[in-house]
Amino acid sequence: MFQYAFGRALSLRSGARLYLDASALNPKKHSKYALDAFCLKAEFASSDKIKSVQTPHFALRKKLWKALKIPFKYAQSHVLEPKFSYNAELARTSGSAYFDGYWQTERYFDDFAPQIRADFRLKNEDALKKHRLYADIASAESVSLHIRRGDYVKNPKYRRRLYVCGRQYFEDAMQLARAKIKNPKFFICSDDHEYVRQNFALDDNTVLIDSSNHFEDFFLMMSCKHNIISNSSFSWWPAWLNPNLQKIVIAPKRWFTDYEKADYSDVIPAAWIKIPTGNLD
């Protein structure tokens, strides 16, 4: 979603057409392409278009670099994200190019926020509103709370790089929400329901979202009036797309571990509240 938003804003800013490259997605290794659930304004690039701007034999060169550390030079039209934080020069790029990176900051697209929000409208929104919790979320001072564990905890590669928000962070965030919001009702979304049941008191004001797919989770979090996010784009985006002009969004100060050595100061929008992140428990 960050990649699309970056490209969409760049195309609006420069007048160039936007094409998506999903050729590297392997359903056996990654989630399948799923942005077709949204109302995007882009089309897939043909192999010829990709070859015209991407580094020649790029897939092979990447494999050789990973296996044997054989260096290669990127084509001038193949723009690699130089760092994780915002780069103003890249935001002004014009002409045909292949953009390769994460682009995880709203600073790349906040000047076209209305268009980006419209693009990320879910096509089956009417069906999603039939979820049994939607009416409650719409009528209450609802606060989504996203607890991301799963691969963050189980995958050693991710565990080294991605910080895991502990129970203390969520308890502190809920306490802050109670101080700022009158009669908040929390709706917890997580990929580890057992962890939630063992660590949080579920009652009439703290509800675990049961869903049949991740789009239901996404839509229900986005429909809440306020948001508590993890260091995950899966909760960042519902919070950003939340249309409530008076929303309170609480986010963790840490996004990565010290191992990653990345400048993530631009990830969290300035209007959101950042609080310390507790240790994993």
# chains A, B, ... in the order shown; residues from 1 in each chain; ligands from 1

call {"tool": "residues_around", "arguments": {"residues": "Phe170 in chain A", "least_positions_apart": "6", "cutoff": "10 Å", "atoms": "only C-alpha atoms", "output": "list in words"}}
result
Leu145, His146, Ile147, Leu176, Phe200, Ile228, Ile229, Ser230, Ile250, Ala251, Pro252, Ile275, Thr277 and Gly278 of chain A

call {"tool": "write_last_selection", "arguments": {"atoms": "N, CA and C atoms", "output": "short mmCIF file (atom, residue, chain, number, x, y, z; two decimals), in the first residue's frame"}}
result
data_model
loop_
_atom_site.label_atom_id
_atom_site.label_comp_id
_atom_site.auth_asym_id
_atom_site.auth_seq_id
_atom_site.Cartn_x
_atom_site.Cartn_y
_atom_site.Cartn_z
N LEU A 145 -7.48 -1.79 18.46
CA LEU A 145 -6.20 -2.10 19.08
C LEU A 145 -5.62 -3.30 18.34
N HIS A 146 -4.52 -3.07 17.64
CA HIS A 146 -3.94 -4.12 16.81
C HIS A 146 -2.72 -4.72 17.48
N ILE A 147 -2.76 -6.03 17.72
CA ILE A 147 -1.65 -6.75 18.33
C ILE A 147 -1.03 -7.67 17.28
N LEU A 176 -4.06 5.64 28.27
CA LEU A 176 -4.02 6.97 27.66
C LEU A 176 -5.32 7.24 26.90
N PHE A 200 -5.37 -10.28 28.22
CA PHE A 200 -6.28 -9.15 28.31
C PHE A 200 -7.63 -9.59 28.85
N ILE A 228 -5.28 2.33 18.11
CA ILE A 228 -4.00 2.01 18.75
C ILE A 228 -3.31 1.01 17.84
N ILE A 229 -2.16 1.37 17.32
CA ILE A 229 -1.52 0.52 16.32
C ILE A 229 -0.28 -0.18 16.86
N SER A 230 0.11 -1.24 16.20
CA SER A 230 1.42 -1.86 16.42
C SER A 230 2.38 -1.28 15.38
N ILE A 250 -2.71 6.27 18.58
CA ILE A 250 -1.57 6.03 19.47
C ILE A 250 -0.67 4.99 18.82
N ALA A 251 0.62 5.29 18.78
CA ALA A 251 1.57 4.44 18.06
C ALA A 251 2.81 4.20 18.91
N PRO A 252 3.53 3.10 18.65
CA PRO A 252 4.76 2.83 19.41
C PRO A 252 5.92 3.70 18.93
N ILE A 275 4.16 6.63 22.08
CA ILE A 275 4.45 6.32 23.48
C ILE A 275 5.51 5.20 23.52
N THR A 277 7.50 1.76 24.07
CA THR A 277 7.09 0.39 23.75
C THR A 277 7.64 -0.55 24.80
N GLY A 278 6.77 -1.34 25.41
CA GLY A 278 7.20 -2.27 26.44
C GLY A 278 7.96 -3.45 25.87
#

call {"tool": "select_by_dssp", "arguments": {"residues": "range 18-79 of chain A", "states": "helix (DSSP H, G or I)", "output": "number ranges by chain"}}
result
A: 35-37, 47-53, 58-68

call {"tool": "write_last_selection", "arguments": {"atoms": "C-alpha atoms", "output": "PDB file, in the first residue's frame"}}
result
ATOM      1  CA  LEU A  35      -4.632  -4.731  -3.886  1.00  0.00           C
ATOM      2  CA  ASP A  36      -7.388  -5.549  -6.376  1.00  0.00           C
ATOM      3  CA  ALA A  37      -9.735  -5.412  -3.374  1.00  0.00           C
ATOM      4  CA  SER A  47       7.164  -7.385 -19.242  1.00  0.00           C
ATOM      5  CA  ASP A  48       8.407  -5.097 -22.022  1.00  0.00           C
ATOM      6  CA  LYS A  49       7.650  -1.973 -19.992  1.00  0.00           C
ATOM      7  CA  ILE A  50       9.433  -3.439 -16.989  1.00  0.00           C
ATOM      8  CA  LYS A  51      12.494  -4.379 -19.039  1.00  0.00           C
ATOM      9  CA  SER A  52      12.663  -0.865 -20.521  1.00  0.00           C
ATOM     10  CA  VAL A  53      13.344   0.739 -17.117  1.00  0.00           C
ATOM     11  CA  PHE A  58      17.826  -7.859 -12.450  1.00  0.00           C
ATOM     12  CA  ALA A  59      16.400 -11.078 -10.940  1.00  0.00           C
ATOM     13  CA  LEU A  60      19.536 -13.008 -11.837  1.00  0.00           C
ATOM     14  CA  ARG A  61      21.859 -10.247 -10.634  1.00  0.00           C
ATOM     15  CA  LYS A  62      20.045 -10.171  -7.266  1.00  0.00           C
ATOM     16  CA  LYS A  63      20.444 -13.929  -6.872  1.00  0.00           C
ATOM     17  CA  LEU A  64      24.155 -13.720  -7.666  1.00  0.00           C
ATOM     18  CA  TRP A  65      24.578 -10.903  -5.181  1.00  0.00           C
ATOM     19  CA  LYS A  66      22.827 -12.832  -2.409  1.00  0.00           C
ATOM     20  CA  ALA A  67      24.695 -16.071  -3.111  1.00  0.00           C
ATOM     21  CA  LEU A  68      28.155 -14.907  -4.169  1.00  0.00           C
TER      22      LEU A  68
END

call {"tool": "closest_residue", "arguments": {"among": "A:Trp236, A:Arg149, A:Ile137, A:Arg121", "to": "Glu194 in chain A", "atoms": "only C-alpha atoms"}}
result
A:Arg149

call {"tool": "closest_residue", "arguments": {"among": "A:Leu10, A:Ala173, A:Asp111, A:His131", "to": "Thr93 in chain A", "atoms": "only C-alpha atoms"}}
result
A:Leu10

call {"tool": "atom_distance", "arguments": {"atom1": "CA of Cys224 in chain A", "atom2": "CA of Met174 in chain A"}}
result
14.4 Å

call {"tool": "residues_around", "arguments": {"residues": "Cys39 in chain A", "least_positions_apart": "6", "cutoff": "7 Å", "atoms": "only C-alpha atoms", "output": "mmCIF file with C-alpha atoms, in the first residue's frame"}}
result
data_model
loop_
_atom_site.group_PDB
_atom_site.id
_atom_site.type_symbol
_atom_site.label_atom_id
_atom_site.label_comp_id
_atom_site.auth_asym_id
_atom_site.auth_seq_id
_atom_site.Cartn_x
_atom_site.Cartn_y
_atom_site.Cartn_z
ATOM 1 C CA ASP A 119 -8.228 4.752 -4.112
ATOM 2 C CA PHE A 120 -8.095 2.653 -0.955
ATOM 3 C CA ARG A 121 -11.854 2.344 -0.663
ATOM 4 C CA LEU A 122 -12.707 -1.349 -0.439
ATOM 5 C CA LYS A 123 -14.888 -2.541 -3.295
#

call {"tool": "select_by_dssp", "arguments": {"residues": "range 53-276 of chain A", "states": "strand (DSSP E or B)", "output": "number ranges by chain"}}
result
A: 78-80, 98-100, 122, 141-147, 162, 184-190, 203, 206-208, 226-228, 249-252, 256, 273-275

call {"tool": "write_last_selection", "arguments": {"atoms": "N, CA and C atoms", "output": "compact mmCIF listing (two decimals), in the first residue's frame"}}
result
# COMPACT_ATOMS: atom_id res chain seq x y z
N HIS A 78 16.40 2.81 -12.89
CA HIS A 78 15.99 1.91 -11.80
C HIS A 78 16.33 2.63 -10.49
N VAL A 79 15.31 3.22 -9.86
CA VAL A 79 15.52 4.07 -8.69
C VAL A 79 15.36 3.24 -7.42
N LEU A 80 16.46 3.04 -6.72
CA LEU A 80 16.46 2.27 -5.48
C LEU A 80 16.30 3.21 -4.29
N TYR A 98 11.68 2.99 -12.82
CA TYR A 98 11.24 1.83 -12.04
C TYR A 98 11.64 2.09 -10.59
N PHE A 99 10.64 2.20 -9.70
CA PHE A 99 10.91 2.55 -8.30
C PHE A 99 10.91 1.30 -7.44
N ASP A 100 12.00 1.11 -6.72
CA ASP A 100 12.24 -0.12 -5.97
C ASP A 100 12.49 0.24 -4.50
N LEU A 122 -12.49 0.07 -0.14
CA LEU A 122 -12.71 -1.35 -0.44
C LEU A 122 -13.94 -1.54 -1.32
N GLU A 141 -17.75 4.87 21.09
CA GLU A 141 -16.47 5.58 20.99
C GLU A 141 -15.41 4.49 20.82
N SER A 142 -15.43 3.90 19.65
CA SER A 142 -14.65 2.70 19.37
C SER A 142 -13.16 3.02 19.16
N VAL A 143 -12.33 2.14 19.71
CA VAL A 143 -10.87 2.25 19.57
C VAL A 143 -10.35 0.90 19.09
N SER A 144 -9.78 0.87 17.91
CA SER A 144 -9.17 -0.39 17.46
C SER A 144 -7.83 -0.55 18.15
N LEU A 145 -7.48 -1.79 18.46
CA LEU A 145 -6.20 -2.10 19.08
C LEU A 145 -5.62 -3.30 18.34
N HIS A 146 -4.52 -3.07 17.64
CA HIS A 146 -3.94 -4.12 16.81
C HIS A 146 -2.72 -4.72 17.48
N ILE A 147 -2.76 -6.03 17.72
CA ILE A 147 -1.65 -6.75 18.33
C ILE A 147 -1.03 -7.67 17.28
N LEU A 162 12.41 -6.56 13.56
CA LEU A 162 11.16 -5.88 13.89
C LEU A 162 10.87 -5.96 15.38
N PRO A 184 -14.50 4.94 26.15
CA PRO A 184 -13.98 4.22 24.97
C PRO A 184 -14.34 2.74 25.04
N LYS A 185 -14.54 2.15 23.88
CA LYS A 185 -14.76 0.71 23.78
C LYS A 185 -13.70 0.16 22.85
N PHE A 186 -12.92 -0.82 23.32
CA PHE A 186 -11.78 -1.33 22.58
C PHE A 186 -12.16 -2.57 21.77
N PHE A 187 -11.70 -2.58 20.53
CA PHE A 187 -11.90 -3.71 19.63
C PHE A 187 -10.52 -4.22 19.21
N ILE A 188 -10.18 -5.40 19.71
CA ILE A 188 -8.83 -5.93 19.51
C ILE A 188 -8.77 -6.80 18.26
N CYS A 189 -7.82 -6.49 17.41
CA CYS A 189 -7.54 -7.28 16.22
C CYS A 189 -6.15 -7.88 16.38
N SER A 190 -6.03 -9.19 16.15
CA SER A 190 -4.72 -9.83 16.33
C SER A 190 -4.63 -11.10 15.50
N ASP A 203 -14.26 -8.14 28.00
CA ASP A 203 -15.56 -7.89 28.60
C ASP A 203 -16.39 -7.06 27.63
N THR A 206 -14.11 -4.44 26.06
CA THR A 206 -12.88 -4.88 25.41
C THR A 206 -13.22 -6.15 24.65
N VAL A 207 -13.34 -6.03 23.34
CA VAL A 207 -13.88 -7.10 22.51
C VAL A 207 -12.82 -7.57 21.52
N LEU A 208 -12.69 -8.89 21.42
CA LEU A 208 -11.78 -9.48 20.43
C LEU A 208 -12.52 -9.64 19.11
N HIS A 226 -11.14 5.72 16.75
CA HIS A 226 -9.77 5.97 17.19
C HIS A 226 -8.98 4.68 17.01
N ASN A 227 -7.64 4.78 17.09
CA ASN A 227 -6.81 3.61 16.79
C ASN A 227 -5.58 3.53 17.67
N ILE A 228 -5.28 2.33 18.11
CA ILE A 228 -4.00 2.01 18.75
C ILE A 228 -3.31 1.01 17.84
N VAL A 249 -4.85 8.71 17.46
CA VAL A 249 -4.08 7.53 17.06
C VAL A 249 -2.86 7.43 17.95
N ILE A 250 -2.71 6.27 18.58
CA ILE A 250 -1.57 6.03 19.47
C ILE A 250 -0.67 4.99 18.82
N ALA A 251 0.62 5.29 18.78
CA ALA A 251 1.57 4.44 18.06
C ALA A 251 2.81 4.20 18.91
N PRO A 252 3.53 3.10 18.65
CA PRO A 252 4.76 2.83 19.41
C PRO A 252 5.92 3.70 18.93
N PHE A 256 11.65 -0.57 14.64
CA PHE A 256 12.62 -1.63 14.43
C PHE A 256 13.46 -1.85 15.69
N ILE A 273 0.08 10.16 18.39
CA ILE A 273 0.77 10.17 19.69
C ILE A 273 1.69 8.95 19.78
N LYS A 274 2.97 9.19 20.00
CA LYS A 274 3.92 8.10 20.15
C LYS A 274 4.22 7.89 21.64
N ILE A 275 4.16 6.63 22.08
CA ILE A 275 4.45 6.32 23.48
C ILE A 275 5.51 5.20 23.52
